[in-house]
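Text of model32.txt, listed as compact mmCIF, C-alpha atoms and all ligand atoms:
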# COMPACT_ATOMS: atom_id res chain seq x y z
CA MET A 2 106.55 166.39 45.50
CA PRO A 3 109.01 165.54 48.27
CA ARG A 4 107.92 163.46 51.19
CA VAL A 5 107.22 165.74 54.19
CA VAL A 6 107.58 164.42 57.72
CA LEU A 7 106.53 166.63 60.62
CA VAL A 8 108.02 165.70 63.99
CA THR A 9 106.13 166.79 67.07
CA GLY A 10 105.50 165.78 70.69
CA LYS A 11 105.48 167.13 74.23
CA GLY A 12 108.20 169.55 75.31
CA GLY A 13 111.63 168.02 75.79
CA VAL A 14 110.85 164.46 74.66
CA GLY A 15 113.41 164.54 71.84
CA LYS A 16 111.62 166.04 68.83
CA THR A 17 114.63 167.97 67.55
CA THR A 18 116.93 164.99 68.10
CA THR A 19 114.52 162.64 66.31
CA ALA A 20 113.98 165.04 63.40
CA ALA A 21 117.72 165.58 62.98
CA ALA A 22 118.53 161.86 63.30
CA THR A 23 115.86 160.95 60.73
CA ALA A 24 117.25 163.55 58.34
CA VAL A 25 120.91 162.52 58.75
CA ARG A 26 120.06 158.90 58.15
CA ALA A 27 117.95 159.71 55.08
CA ALA A 28 120.67 161.91 53.58
CA ARG A 29 123.30 159.23 54.13
CA SER A 30 121.04 156.71 52.42
CA GLY A 31 121.06 158.91 49.31
CA LEU A 32 118.04 161.19 49.67
CA ARG A 33 118.33 164.94 49.12
CA THR A 34 117.15 165.99 52.55
CA LEU A 35 116.21 169.25 54.23
CA VAL A 36 115.59 169.43 57.95
CA MET A 37 113.90 172.65 59.00
CA SER A 38 112.85 173.95 62.37
CA THR A 39 109.65 175.93 62.86
CA ASP A 40 110.14 176.13 66.61
CA ALA A 41 110.93 179.72 67.61
CA ALA A 42 113.18 178.32 70.33
CA HIS A 43 115.49 176.75 67.75
CA SER A 44 117.79 174.02 68.95
CA LEU A 45 118.22 172.26 65.61
CA GLY A 46 121.61 173.91 65.14
CA ASP A 47 122.71 172.69 68.58
CA ALA A 48 121.63 169.12 67.83
CA LEU A 49 123.44 169.12 64.48
CA ASP A 50 126.34 171.08 65.95
CA VAL A 51 126.22 173.75 63.24
CA ASP A 52 125.43 177.46 63.31
CA LEU A 53 122.06 178.02 61.65
CA ARG A 54 121.68 181.65 62.58
CA THR A 55 123.21 182.68 59.28
CA ALA A 56 120.03 182.12 57.25
CA VAL A 57 118.67 185.53 56.39
CA THR A 58 115.73 184.46 54.25
CA TRP A 59 113.37 181.53 54.39
CA ARG A 60 114.90 180.31 51.17
CA GLU A 61 118.41 180.00 52.51
CA SER A 62 119.48 176.69 54.00
CA HIS A 63 122.79 175.62 55.46
CA GLN A 64 124.64 172.59 54.10
CA VAL A 65 125.47 170.23 56.95
CA GLU A 66 126.98 167.43 54.89
CA THR A 67 126.48 165.80 51.49
CA ARG A 68 122.79 165.90 50.58
CA LEU A 69 121.83 167.28 54.01
CA HIS A 70 120.73 170.87 54.50
CA ALA A 71 119.23 172.54 57.57
CA LEU A 72 117.17 175.66 58.03
CA ALA A 73 115.88 177.50 61.09
CA VAL A 74 112.86 179.59 60.15
CA GLY A 75 112.52 182.83 62.05
CA ALA A 76 110.02 185.64 61.70
CA HIS A 77 111.36 187.34 58.65
CA THR A 78 110.96 191.10 58.82
CA ALA A 79 109.64 191.46 55.25
CA VAL A 80 106.96 188.84 55.91
CA GLU A 81 106.16 190.41 59.22
CA ALA A 82 105.42 193.80 57.66
CA ASP A 83 103.42 192.16 54.88
CA TRP A 84 101.43 190.08 57.27
CA GLN A 85 100.68 192.95 59.61
CA VAL A 86 98.86 194.70 56.75
CA VAL A 87 96.63 191.68 56.16
CA ARG A 88 96.02 191.09 59.82
CA ASP A 89 95.03 194.69 60.49
CA TYR A 90 92.74 194.67 57.51
CA LEU A 91 91.07 191.38 58.48
CA LEU A 92 90.46 192.54 62.01
CA GLY A 93 89.07 195.88 60.86
CA ALA A 94 86.88 194.34 58.17
CA LEU A 95 85.43 191.70 60.45
CA ASP A 96 84.79 194.27 63.11
CA ALA A 97 82.94 196.46 60.60
CA MET A 98 80.90 193.46 59.48
CA GLY A 99 79.65 192.98 63.04
CA VAL A 100 81.00 189.44 63.27
CA ASP A 101 79.01 186.87 65.21
CA PRO A 102 80.45 185.41 68.42
CA VAL A 103 81.73 182.19 66.87
CA VAL A 104 83.67 184.14 64.30
CA ALA A 105 84.90 186.59 66.91
CA ASP A 106 86.18 183.62 68.85
CA GLU A 107 87.93 182.32 65.74
CA LEU A 108 89.63 185.66 65.46
CA THR A 109 91.74 184.99 68.48
CA SER A 110 93.41 182.31 66.40
CA LEU A 111 94.50 184.64 63.64
CA PRO A 112 98.13 183.71 63.25
CA GLY A 113 101.20 185.77 63.98
CA ALA A 114 103.93 186.50 61.48
CA GLU A 115 106.17 183.73 62.76
CA GLU A 116 103.62 181.04 62.12
CA VAL A 117 102.78 182.34 58.70
CA THR A 118 106.49 182.55 57.87
CA ALA A 119 106.96 178.94 58.95
CA LEU A 120 104.16 177.75 56.68
CA GLY A 121 105.44 179.92 53.84
CA ALA A 122 108.93 178.51 54.21
CA LEU A 123 107.59 174.96 54.22
CA ALA A 124 105.51 175.54 51.09
CA HIS A 125 108.42 177.23 49.35
CA GLN A 126 110.91 174.49 50.20
CA ALA A 127 108.50 171.67 49.36
CA HIS A 128 107.85 173.14 45.93
CA SER A 129 111.45 174.07 45.21
CA GLY A 130 112.27 170.72 43.60
CA ASP A 131 115.50 170.62 45.64
CA TRP A 132 114.47 167.88 48.07
CA ASP A 133 113.34 164.26 48.15
CA LEU A 134 112.54 164.59 51.84
CA VAL A 135 111.70 167.55 54.08
CA VAL A 136 111.77 166.84 57.82
CA VAL A 137 110.17 169.50 59.99
CA ASP A 138 111.25 169.91 63.61
CA CYS A 139 108.09 171.37 65.14
CA ALA A 140 107.44 173.24 68.34
CA PRO A 141 105.82 171.37 71.25
CA THR A 142 102.35 170.04 70.54
CA ALA A 143 100.08 172.94 71.50
CA GLU A 144 101.88 175.34 69.16
CA THR A 145 102.14 172.74 66.43
CA LEU A 146 98.43 172.02 66.53
CA ARG A 147 97.79 175.71 66.27
CA LEU A 148 100.16 175.93 63.32
CA LEU A 149 98.60 172.94 61.58
CA GLY A 150 95.11 174.30 62.15
CA LEU A 151 96.01 177.60 60.54
CA PRO A 152 95.76 176.90 56.84
CA GLU A 153 92.13 175.93 57.30
CA VAL A 154 91.20 178.68 59.75
CA LEU A 155 92.89 181.38 57.75
CA GLY A 156 91.63 180.03 54.45
CA TRP A 157 88.18 180.17 55.99
CA HIS A 158 88.53 183.85 56.87
CA LEU A 159 89.94 184.75 53.49
CA ASP A 160 87.28 182.79 51.62
CA ARG A 161 84.59 184.75 53.34
CA LEU A 162 86.20 188.07 52.73
CA LEU A 163 87.54 187.70 49.23
CA PRO A 164 84.33 187.08 47.28
CA ALA A 165 82.74 190.03 49.06
CA GLN A 166 85.74 192.15 48.17
CA ARG A 167 85.53 191.21 44.54
CA ARG A 168 82.02 192.53 44.44
CA LEU A 169 82.95 195.59 46.40
CA LEU A 170 85.73 196.51 44.06
CA THR A 171 83.45 196.56 41.07
CA VAL A 172 81.52 199.45 42.53
CA LEU A 173 82.74 202.84 43.57
CA ARG A 174 84.80 202.62 46.74
CA PRO A 175 83.03 205.20 48.93
CA ALA A 176 79.64 203.77 47.98
CA ALA A 177 80.79 200.29 48.92
CA THR A 178 81.94 201.46 52.29
CA VAL A 179 78.61 203.10 52.99
CA ALA A 180 76.63 200.11 51.76
CA THR A 181 78.37 197.43 53.78
CA GLY A 182 80.29 199.30 56.42
CA VAL A 183 83.34 197.32 55.37
CA PRO A 184 86.24 199.40 54.15
CA PRO A 185 87.39 197.83 50.89
CA PRO A 186 91.04 196.86 50.80
CA GLY A 187 93.42 198.76 48.60
CA PRO A 188 94.80 196.86 45.60
CA ASP A 189 98.03 196.08 47.47
CA VAL A 190 96.17 194.59 50.44
CA LEU A 191 94.00 192.62 48.08
CA ALA A 192 97.04 191.23 46.29
CA VAL A 193 98.59 190.20 49.59
CA LEU A 194 95.31 188.63 50.72
CA ARG A 195 95.09 186.59 47.55
CA ALA A 196 98.70 185.49 47.81
CA TRP A 197 98.16 184.28 51.39
CA ARG A 198 94.98 182.54 50.39
CA GLU A 199 96.86 180.62 47.69
CA LEU A 200 99.65 179.78 50.09
CA MET A 201 97.23 178.44 52.68
CA VAL A 202 95.49 176.22 50.14
CA GLU A 203 98.88 174.99 48.95
CA VAL A 204 100.12 174.16 52.45
CA ARG A 205 96.90 172.48 53.49
CA THR A 206 96.78 170.41 50.28
CA LEU A 207 100.38 169.33 50.77
CA LEU A 208 100.07 168.47 54.45
CA THR A 209 96.88 166.46 54.07
CA SER A 210 98.17 164.62 50.97
CA PRO A 211 99.61 161.08 51.02
CA ARG A 212 103.08 162.70 50.73
CA ALA A 213 102.93 164.15 54.24
CA SER A 214 102.73 162.62 57.69
CA VAL A 215 103.32 163.42 61.32
CA ARG A 216 105.57 161.47 63.67
CA VAL A 217 104.72 161.80 67.33
CA VAL A 218 107.71 161.51 69.65
CA LEU A 219 107.13 160.52 73.25
CA THR A 220 108.90 158.99 76.22
CA PRO A 221 107.31 155.97 77.94
CA GLU A 222 105.99 157.97 80.88
CA ARG A 223 102.38 158.31 81.94
CA VAL A 224 102.11 162.08 81.69
CA VAL A 225 103.76 162.15 78.29
CA ILE A 226 101.62 159.30 76.97
CA ALA A 227 98.44 161.02 78.17
CA GLU A 228 99.32 164.16 76.23
CA SER A 229 100.35 162.17 73.16
CA ARG A 230 96.97 160.45 73.09
CA ARG A 231 95.25 163.82 72.96
CA VAL A 232 97.61 164.89 70.20
CA LEU A 233 96.70 161.88 68.10
CA THR A 234 93.02 162.79 68.41
CA SER A 235 93.65 166.43 67.55
CA LEU A 236 95.81 165.61 64.55
CA SER A 237 93.09 163.30 63.21
CA LEU A 238 90.49 165.98 63.83
CA HIS A 239 92.44 168.34 61.58
CA GLY A 240 92.95 165.66 58.94
CA TYR A 241 96.65 164.97 59.48
CA ALA A 242 98.06 161.44 59.27
CA VAL A 243 100.31 159.95 61.95
CA ASP A 244 102.52 157.34 60.30
CA ALA A 245 104.68 156.39 63.29
CA VAL A 246 105.09 156.92 67.00
CA VAL A 247 108.68 157.23 68.20
CA VAL A 248 109.27 156.11 71.77
CA ASN A 249 112.44 157.89 72.80
CA ARG A 250 114.78 157.35 75.75
CA VAL A 251 113.99 153.67 76.17
CA LEU A 252 116.27 152.38 78.93
CA PRO A 253 118.44 149.41 77.98
CA PRO A 254 117.96 146.24 80.00
CA GLY A 255 121.21 146.64 81.94
CA PRO A 256 122.84 144.26 84.42
CA VAL A 257 122.20 146.83 87.18
CA GLY A 258 118.50 146.53 86.46
CA ASP A 259 117.73 143.81 88.96
CA GLU A 260 119.92 145.05 91.74
CA ASP A 261 119.45 148.78 91.97
CA PRO A 262 115.96 149.76 93.24
CA TRP A 263 116.07 153.19 91.59
CA TRP A 264 117.00 151.72 88.23
CA SER A 265 114.57 148.82 88.40
CA ALA A 266 111.72 151.20 89.37
CA TRP A 267 112.37 153.12 86.17
CA THR A 268 112.75 150.07 83.91
CA THR A 269 109.53 148.60 85.36
CA ALA A 270 107.69 151.90 84.82
CA GLN A 271 109.01 152.11 81.26
CA ALA A 272 107.88 148.54 80.50
CA ALA A 273 104.37 149.44 81.69
CA GLY A 274 104.59 152.67 79.70
CA LEU A 275 105.54 150.78 76.54
CA ASP A 276 102.53 148.49 76.99
CA ARG A 277 100.31 151.52 77.35
CA VAL A 278 101.81 153.09 74.23
CA ARG A 279 101.16 149.91 72.26
CA GLU A 280 97.58 149.83 73.48
CA SER A 281 96.95 153.53 72.80
CA PHE A 282 98.46 153.65 69.36
CA SER A 283 97.54 150.20 68.09
CA GLY A 284 97.67 150.07 64.33
CA ILE A 285 100.39 152.74 64.15
CA PRO A 286 103.99 151.48 63.80
CA LEU A 287 106.12 152.08 66.91
CA LEU A 288 109.81 152.93 66.76
CA ARG A 289 111.95 152.65 69.88
CA ALA A 290 115.02 154.85 70.33
CA PRO A 291 117.44 153.89 73.12
CA TYR A 292 118.36 156.22 75.96
CA LEU A 293 122.00 156.82 75.11
CA SER A 294 124.70 157.36 77.69
CA GLY A 295 125.21 160.92 76.42
CA GLU A 296 123.49 163.55 74.30
CA PRO A 297 123.53 162.66 70.60
CA ILE A 298 125.06 165.81 69.17
CA GLY A 299 126.42 166.16 65.66
CA ALA A 300 125.60 164.24 62.50
CA GLN A 301 127.59 161.11 63.37
CA ALA A 302 126.01 160.65 66.82
CA LEU A 303 122.55 161.29 65.33
CA ALA A 304 123.16 158.72 62.60
CA GLU A 305 124.11 156.19 65.27
CA LEU A 306 120.92 156.96 67.22
CA ALA A 307 118.86 156.46 64.05
CA GLU A 308 120.71 153.20 63.44
CA ALA A 309 119.96 151.98 66.98
CA THR A 310 116.26 152.87 66.66
CA ARG A 311 114.24 149.69 66.34
CA GLY A 312 110.74 149.33 65.02
CA ASP A 313 107.89 146.85 64.82
CA ALA A 314 107.88 147.17 61.07
CA ALA A 315 109.44 150.53 60.32
CA PRO A 316 107.35 152.24 57.66
CA ASP A 317 109.17 153.05 54.45
CA LEU A 318 109.90 156.73 54.90
CA MET A 319 109.43 157.54 51.23
CA ALA A 320 106.24 155.56 50.61
CA ASP A 321 102.89 157.31 50.32
CA VAL A 322 100.99 157.49 53.59
CA ASP A 323 97.90 155.38 53.66
CA VAL A 324 95.66 156.22 56.61
CA PRO A 325 91.91 156.72 56.74
CA ARG A 326 90.75 160.29 56.13
CA MET A 327 87.46 162.12 56.21
CA ARG A 328 85.03 160.76 53.65
CA VAL A 329 81.42 161.21 52.55
CA ALA A 330 79.36 158.33 51.20
CA ALA A 331 75.75 157.83 50.18
CA ASP A 332 73.88 155.55 52.56
CA GLY A 333 70.46 154.78 51.15
CA ALA A 334 68.72 158.12 50.78
CA ASP A 335 71.06 159.68 53.40
CA PHE A 336 74.71 160.64 53.41
CA LEU A 337 77.30 159.60 55.95
CA LEU A 338 80.29 161.78 56.80
CA THR A 339 83.04 159.82 58.53
CA LEU A 340 85.91 161.55 60.30
CA PRO A 341 88.64 159.42 61.93
CA LEU A 342 88.76 160.46 65.60
CA PRO A 343 90.71 157.96 67.66
CA LEU A 344 90.77 157.68 71.46
CA VAL A 345 87.66 159.72 72.24
CA SER A 346 84.21 158.96 73.56
CA ALA A 347 80.97 160.64 72.48
CA SER A 348 80.87 162.78 75.62
CA GLN A 349 84.08 164.54 74.58
CA VAL A 350 82.80 165.57 71.17
CA ALA A 351 80.54 168.55 70.49
CA LEU A 352 78.99 169.12 67.08
CA SER A 353 77.22 172.12 65.67
CA ARG A 354 76.22 173.32 62.25
CA ARG A 355 76.90 176.85 61.11
CA ASP A 356 75.84 177.71 57.59
CA ASP A 357 77.99 175.58 55.31
CA ASP A 358 80.32 174.43 58.03
CA LEU A 359 80.16 171.61 60.49
CA VAL A 360 81.90 172.66 63.71
CA VAL A 361 83.55 169.72 65.47
CA GLU A 362 84.97 170.35 68.91
CA VAL A 363 87.01 167.89 70.90
CA GLU A 364 88.28 168.98 74.28
CA GLY A 365 89.18 172.53 73.37
CA GLN A 366 90.26 171.80 69.79
CA ARG A 367 87.89 172.97 67.11
CA ARG A 368 87.72 172.26 63.41
CA LEU A 369 85.44 173.98 60.96
CA VAL A 370 84.73 171.34 58.36
CA THR A 371 83.55 173.09 55.22
CA LEU A 372 80.86 170.78 53.92
CA PRO A 373 80.94 169.48 50.36
CA SER A 374 78.09 170.90 48.28
CA VAL A 375 75.93 167.78 48.51
CA LEU A 376 75.85 168.07 52.31
CA ARG A 377 75.02 171.74 52.28
CA ARG A 378 71.58 170.76 51.07
CA CYS A 379 71.12 168.37 53.97
CA VAL A 380 70.37 168.57 57.65
CA VAL A 381 72.22 166.67 60.34
CA GLN A 382 70.09 163.77 61.47
CA ASP A 383 72.31 162.15 64.10
CA ALA A 384 75.91 161.45 64.99
CA GLU A 385 77.84 158.76 66.79
CA VAL A 386 81.38 158.18 67.98
CA GLY A 387 82.95 154.72 68.10
CA GLY A 388 85.70 152.55 66.71
CA GLY A 389 87.96 155.58 66.36
CA GLU A 390 85.53 157.46 64.12
CA LEU A 391 82.92 160.16 64.23
CA ARG A 392 79.99 159.37 61.94
CA VAL A 393 77.50 162.10 61.11
CA ARG A 394 74.34 161.21 59.26
CA PHE A 395 72.87 163.84 56.93
CA GLU A 396 69.35 163.78 55.64
CA ARG A 397 68.24 165.64 52.52
CA ASP A 398 66.54 168.93 53.18
CA GLU A 399 63.71 168.39 50.67
CA GLU A 400 63.05 172.11 50.29
CA LEU A 401 66.66 172.98 49.46
CA TRP A 402 66.97 169.87 47.34
CA ALA A 403 63.89 170.79 45.30
CA SER A 404 65.09 174.36 44.86
CA GLY A 405 68.35 172.90 43.46
CA ARG A 406 70.45 175.43 45.34
N1 LIG B 1 117.71 159.03 72.99
C1 LIG B 1 118.38 159.95 73.66
N2 LIG B 1 119.42 159.62 74.45
C2 LIG B 1 120.10 160.56 75.14
N3 LIG B 1 119.83 161.87 75.09
C3 LIG B 1 118.82 162.27 74.32
C4 LIG B 1 118.04 161.34 73.57
N4 LIG B 1 117.10 162.04 72.89
C5 LIG B 1 117.27 163.34 73.21
N5 LIG B 1 118.31 163.49 74.07
C6 LIG B 1 118.77 164.75 74.65
O1 LIG B 1 117.68 165.32 75.36
C7 LIG B 1 117.65 166.73 75.25
C8 LIG B 1 116.31 167.18 74.67
O2 LIG B 1 116.19 166.70 73.35
P1 LIG B 1 115.54 167.55 72.17
O3 LIG B 1 116.11 168.91 72.17
O4 LIG B 1 115.64 166.74 70.95
O5 LIG B 1 114.04 167.59 72.69
P2 LIG B 1 112.82 168.44 72.10
O6 LIG B 1 111.63 167.59 72.24
O7 LIG B 1 113.16 168.93 70.75
O8 LIG B 1 112.77 169.65 73.13
P3 LIG B 1 111.94 171.02 72.96
O9 LIG B 1 110.53 170.71 73.37
O10 LIG B 1 112.63 171.93 73.90
O11 LIG B 1 112.03 171.43 71.52
C9 LIG B 1 118.83 167.09 74.38
O12 LIG B 1 119.89 167.43 75.22
C10 LIG B 1 119.14 165.80 73.61
O13 LIG B 1 120.50 165.71 73.24
MG MG B 2 113.16 170.94 69.96

Take the structure in the file and write it out as structure tokens.
Amino acid sequence: MPRVVLVTGKGGVGKTTTAAATAVRAARSGLRTLVMSTDAAHSLGDALDVDLRTAVTWRESHQVETRLHALAVGAHTAVEADWQVVRDYLLGALDAMGVDPVVADELTSLPGAEEVTALGALAHQAHSGDWDLVVVDCAPTAETLRLLGLPEVLGWHLDRLLPAQRRLLTVLRPAATVATGVPPPGPDVLAVLRAWRELMVEVRTLLTSPRASVRVVLTPERVVIAESRRVLTSLSLHGYAVDAVVVNRVLPPGPVGDEDPWWSAWTTAQAAGLDRVRESFSGIPLLRAPYLSGEPIGAQALAELAEATRGDAAPDLMADVDVPRMRVAADGADFLLTLPLPLVSASQVALSRRDDDLVVEVEGQRRLVTLPSVLRRCVVQDAEVGGGELRVRFERDEELWASGR
């Protein structure tokens, strides 16, 4: 599998520039590199100074220079039509099933064709065998979090519908409709549903594997740092690893610095910002990219920006990512589920149990954690937040345990 690096951050901080610079540098160091943009407002072509509008399928990339290809993923009409069928079916089926409010709420996050196309393109390119490294220029954080939450949310919907459908299809169609009120999908819809289900599992497996990581780009300003902190929490909640934080537009210590009040106000604010970044993201390597005197446009300028980017101890881009992930361990007679959740306090976390899922909500972000089978036979005893983790203690439900469900 290639190494996959997702680049995200607040609007305008330099995500596209950082993604492109990382890719140019990697390609020039000998790696077969693809940089792809999933942001509908594509500016990857502008940063690289090439025309990327020529790609007509999600499989077609544009060669920028030796070993470096770029791709701007748009909503592809074929996928759009395909996806519309699934979406309409899912909405109709869930409606007929008389979905409960939590599920109905989840429905609002059913993805659009563009998002599904982006994930499809990523899965396709990652599995193509053409690349050592795939760098993804993502949309600003809110959209990216939505995109990264999708494989799980959608997989969840499909999981609940598909087994039911399998049963339904074994009986006569009209009877099934009467019995459950759910119109069974035609064979074509079912095939599309299954294909999407597979794709979602594939994408989620890839993105939560040690071969994938997220790089958060920020500028050393209070508002940007505040948002980036929330992003780190949300990414952890969804099980994604952040392997570096890129501080972009760091002002050079210039000779004007001490004389000009405007300039010194900014350099002082940036120094304080850098301290705050270090504090907030301790344990995660920081890379600092200088504020250049002009826009870095084109491969050569991007390579120079990458060259001038300094790090604490820059992580080896190609190495496996080693960050803590969700785990379950026996603790005496109980079980302990640990989910890394940095930068939050207990008051910001809400937990609830719904059937076989644990619903974790942090400030508007929700994850449905499908519990491993051992925990399905347990009840939540208590939970605590601290040291960058959420720990949930599960106690055996003796009745379920005895019944050996
Ligand atoms: N280190 C830098 N020095 C000088 N200019 C920079 C630097 N980084 C980015 N820029 C310029 O800042 C502008 C915004 O950068 P970029 O498009 O990479 O941001 P973005 O985070 O991708 O924005 P969006 O949220 O719109 O996708 C561009 O004109 C880019 O050339
Ligand atoms: Mg951008």

Practice item. Quote the spacing between atom CA of Glu115 of chain A and atom CA of Gly75 of chain A in Å to one decimal place. Key: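 Taking atom CA of Glu115 of chain A and atom CA of Gly75 of chain A, their separation equals 6.5 Å.
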
Check your understanding: What do you get as a list in words if you pick all residues at most 7 Å from ligand LIG 1 (chain B), counting only C-alpha atoms and all ligand atoms?
Key ->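 Using only C-alpha atoms and all ligand atoms, everything at most 7 Å from ligand LIG 1 (chain B) comes to Gly10, Lys11, Gly12, Gly13, Val14, Gly15, Lys16, Thr17, Thr18, Thr19, Ser44, Ala48, Ala140, Pro141, Asn249, Arg250, Ala290, Pro291, Tyr292, Leu293, Ser294, Gly295, Glu296, Pro297, Ile298 and Leu306 of chain A.
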
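What separates atom CA of Leu342 of chain A from atom CA of Met37 of chain A is a distance of 28.7 Å.
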
Review point. Within 12 Å of Arg147 of chain A, counting all atoms listed in the file, which residues qualify if same-chain residues fewer than 2 places away don't, as an MDAnalysis selection string?
Key: chainID A and resid 107 109:113 116:117 120 139:145 149:155 232 235:236 239 365:368

Write to file, as a compact mmCIF listing (two decimals), in the coordinates of the input, the residues of the selection just made, with C-alpha atoms.
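That gives us again.txt:
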# COMPACT_ATOMS: atom_id res chain seq x y z
CA GLU A 107 87.93 182.32 65.74
CA THR A 109 91.74 184.99 68.48
CA SER A 110 93.41 182.31 66.40
CA LEU A 111 94.50 184.64 63.64
CA PRO A 112 98.13 183.71 63.25
CA GLY A 113 101.20 185.77 63.98
CA GLU A 116 103.62 181.04 62.12
CA VAL A 117 102.78 182.34 58.70
CA LEU A 120 104.16 177.75 56.68
CA CYS A 139 108.09 171.37 65.14
CA ALA A 140 107.44 173.24 68.34
CA PRO A 141 105.82 171.37 71.25
CA THR A 142 102.35 170.04 70.54
CA ALA A 143 100.08 172.94 71.50
CA GLU A 144 101.88 175.34 69.16
CA THR A 145 102.14 172.74 66.43
CA LEU A 149 98.60 172.94 61.58
CA GLY A 150 95.11 174.30 62.15
CA LEU A 151 96.01 177.60 60.54
CA PRO A 152 95.76 176.90 56.84
CA GLU A 153 92.13 175.93 57.30
CA VAL A 154 91.20 178.68 59.75
CA LEU A 155 92.89 181.38 57.75
CA VAL A 232 97.61 164.89 70.20
CA SER A 235 93.65 166.43 67.55
CA LEU A 236 95.81 165.61 64.55
CA HIS A 239 92.44 168.34 61.58
CA GLY A 365 89.18 172.53 73.37
CA GLN A 366 90.26 171.80 69.79
CA ARG A 367 87.89 172.97 67.11
CA ARG A 368 87.72 172.26 63.41

Practice item. Can you work out the spacing between atom CA of Arg277 of chain A and atom CA of Met319 of chain A in Å, to one decimal? Key: 28.3 Å

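Of the listed residues (A:Thr268, A:Leu238, A:Val74, A:Gly388), A:Leu238 comes nearest to Leu340 of chain A; the distances count all atoms listed in the file.
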
Who sits within 12 Å of Gly156 of chain A, all atoms listed in the file, same chain under 6 positions skipped, as a short mmCIF file (atom, residue, chain, number, x, y, z; two decimals) with C-alpha atoms, in the frame of the given file:
data_model
loop_
_atom_site.label_atom_id
_atom_site.label_comp_id
_atom_site.auth_asym_id
_atom_site.auth_seq_id
_atom_site.Cartn_x
_atom_site.Cartn_y
_atom_site.Cartn_z
CA LEU A 111 94.50 184.64 63.64
CA PRO A 112 98.13 183.71 63.25
CA GLY A 150 95.11 174.30 62.15
CA LEU A 162 86.20 188.07 52.73
CA LEU A 163 87.54 187.70 49.23
CA LEU A 194 95.31 188.63 50.72
CA ARG A 195 95.09 186.59 47.55
CA ALA A 196 98.70 185.49 47.81
CA TRP A 197 98.16 184.28 51.39
CA ARG A 198 94.98 182.54 50.39
CA GLU A 199 96.86 180.62 47.69
CA LEU A 200 99.65 179.78 50.09
CA MET A 201 97.23 178.44 52.68
CA VAL A 202 95.49 176.22 50.14
CA GLU A 203 98.88 174.99 48.95
CA VAL A 204 100.12 174.16 52.45
CA ARG A 205 96.90 172.48 53.49
CA THR A 206 96.78 170.41 50.28
CA LEU A 369 85.44 173.98 60.96
CA VAL A 370 84.73 171.34 58.36
CA THR A 371 83.55 173.09 55.22
#

**Study point:** Selected residue of minimal separation from Ile285 of chain A among A:Cys379, A:Val225, A:Val215, A:Pro254, counting all atoms listed in the file
**Key:** A:Val215

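With all atoms listed in the file as the atoms that count, the minimum distance from ligand MG 2 (chain B) to the choices A:Asp52, A:Asp323, A:Asp138, A:Glu228 is reached by A:Asp138.
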
Check your understanding: Of the residues A:Val86, A:Val5, A:Ala22, A:Val218, which is the one nearest to Gln126 of chain A, using all atoms listed in the file?
Key -> A:Val5

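When all atoms listed in the file are used to compute distances to Pro325 of chain A, the closest of the residues A:Leu337, A:Ala28, A:Val243, A:Val136 turns out to be A:Val243.
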
Exercise for review: Considering all atoms listed in the file, state which residue in the set A:Arg289, A:His128, A:Arg88, A:Arg68 is at the smallest distance from Ser30 of chain A.
Suggested key: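 That would be A:Arg68, the residue with the smallest distance to Ser30 of chain A.
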
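Residues in contact with Asp321 of chain A at up to 9 Å, not including ones fewer than 5 positions away on its chain and judged by all atoms listed in the file, are A:Arg4, A:Ser210, A:Pro211, A:Arg212, A:Ala213.
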
Exercise for review: Find the spatial neighbours of Leu49 of chain A, counting only C-alpha atoms, within a cut-off of 8 Å - ignore same-chain residues fewer than 6 positions away - and output them as a PyMOL selection string.
Suggested key: chain A and resi 21+65+298-300+303

Practice item. List the neighbours of Asp313 of chain A out to 8 Å using all atoms listed in the file; skip same-chain residues closer than 6 positions along the sequence, and give me the result as a ChimeraX atom specification. Key: /A:286-288

Put a box with edges along x, y and z around all the listed atoms of segment 5-21 of chain A, pad it by 3 Å on each side, then give me its centre and sizes in Å, one decimal, as JSON.
{"center_x": 111.6, "center_y": 166.1, "center_z": 65.0, "size_x": 18.2, "size_y": 12.9, "size_z": 27.6}
